[in-house]
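Heads up: the structure comes next, in structure tokens.
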Amino acid sequence: MKMLEFKKILVPYDGSSYAKKALAAACDTAALIPGAVLFIATVTPAEQPKEKVRISKSTASVDEPPPKNPGELLLEEADALIPKNIPRELILRVGNPGEELVTLTLQKPFDLIIMGSRGRGALKSLLMGSVSSHLVNNVKCSVWIIK
């Protein structure tokens with residue numbers, strides 16, 4: 001596949017330094033390809049049930065907006081790092097990152113995934129697994145891993 005055919009580029013983003021490097025590489029790549037679109041995906045874990053908390057009417061504030069999901073904050077951060085002239089779509093998923101990203105690639109066929117590596121050693125990756133190795137083994141498109 002020629003580089004100029006990479007029109008739909010998925011970038012998993014978790015806010016780490018590796019994810020930021022991958023996003024920068026994706027921006028550079030997209031800038032070279034007419035019609036390329038970046039799809040920035042953040043996967044947050046499913047929320048655990050929270051204990052019910054009583055809030056008295058005297059302490060509740062009507063003016064305060066509800067707190068943002070951490071994934072929304074990560075997507076805002078990523079969006080701010082992308083040059084304005086590069087088309088992008090921000091995607092928030094909830095669940096297991098590896099599984100959710102594979103499912104996303106089945107729903108939206110991407111041409112390329114550019115993602116950061118956590119830099120784990122071979123033994124830790126073997127024992128714990130990694131999102132990058134899960135994607136390499138389970139998606140049909142090319143995967144570029146940035147260290």
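To be explicit about the labels: the chains of the structure tokens are called A, B, and onward in the order shown, and within each one the residues are counted from 1, while ligands get numbers from 1 in the order they are shown.
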
Within 12 Å of range 64-69 of chain A using only C-alpha atoms, minus same-chain residues under 5 positions, as a ChimeraX atom specification | /A:42-47,59,74-76,92-94

Fewer than 3 positions away in the same chain doesn't count, so skip those; otherwise give me all residues within 6 Å of range 139-146 of chain A, counting only C-alpha atoms, as an MDAnalysis selection string.
-> chainID A and resid 22 111:117 135

Output for the residues just chosen: C-alpha atoms as a short mmCIF file (atom, residue, chain, number, x, y, z; two decimals), in the first residue's frame:
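This went into result_19.cif:
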```cif
data_model
loop_
_atom_site.label_atom_id
_atom_site.label_comp_id
_atom_site.auth_asym_id
_atom_site.auth_seq_id
_atom_site.Cartn_x
_atom_site.Cartn_y
_atom_site.Cartn_z
CA ALA A 22 2.25 9.13 17.88
CA ASP A 111 -6.10 2.43 6.45
CA LEU A 112 -3.50 2.93 9.19
CA ILE A 113 -3.21 2.99 12.97
CA ILE A 114 -0.46 5.14 14.46
CA MET A 115 0.02 4.55 18.15
CA GLY A 116 2.53 4.94 20.91
CA SER A 117 4.30 2.14 22.70
CA LEU A 135 -3.97 -4.47 17.70
#
```

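Between Ala41 in chain A and the residues A:Ile9, A:Leu90, A:Leu73, A:Leu106, the shortest atom-to-atom distance, using only C-alpha atoms, involves A:Leu90.
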
- Query: What is the CA of Val102 in chain A to CA of His134 in chain A distance in Å?
  - Reply: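 Taking CA of Val102 in chain A and CA of His134 in chain A, their separation equals 8.4 Å.
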
inquiry  = So that I can see what lies close to Ile82 in chain A, please list as a PyMOL selection string the residues with an atom at most 12 Å from it, counting only C-alpha atoms and leaving out residues fewer than 6 positions away in the same chain.
reply    = chain A and resi 11+20-31+37-40+75-76+88-90

Quick one, how far is CA of Asn138 in chain A from CA of Thr103 in chain A?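 Here the two named atoms are 9.8 Å from each other.
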
Enter the distance from CA of Leu32 in chain A to CA of Glu77 in chain A, in Å, rounded to one decimal.
->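 Answer for the CA of Leu32 in chain A to CA of Glu77 in chain A separation: 22.9 Å.
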
DSSP-assigned alpha helix (DSSP H) among range 5-125 of chain A, expressed as number ranges by chain:
A: 17-32, 70-81, 97-107, 122-125

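Checking A:Ala19, A:Ile33, A:Lys7, A:Gly98 one by one against Val136 in chain A, counting only C-alpha atoms, you find the shortest gap at A:Gly98.
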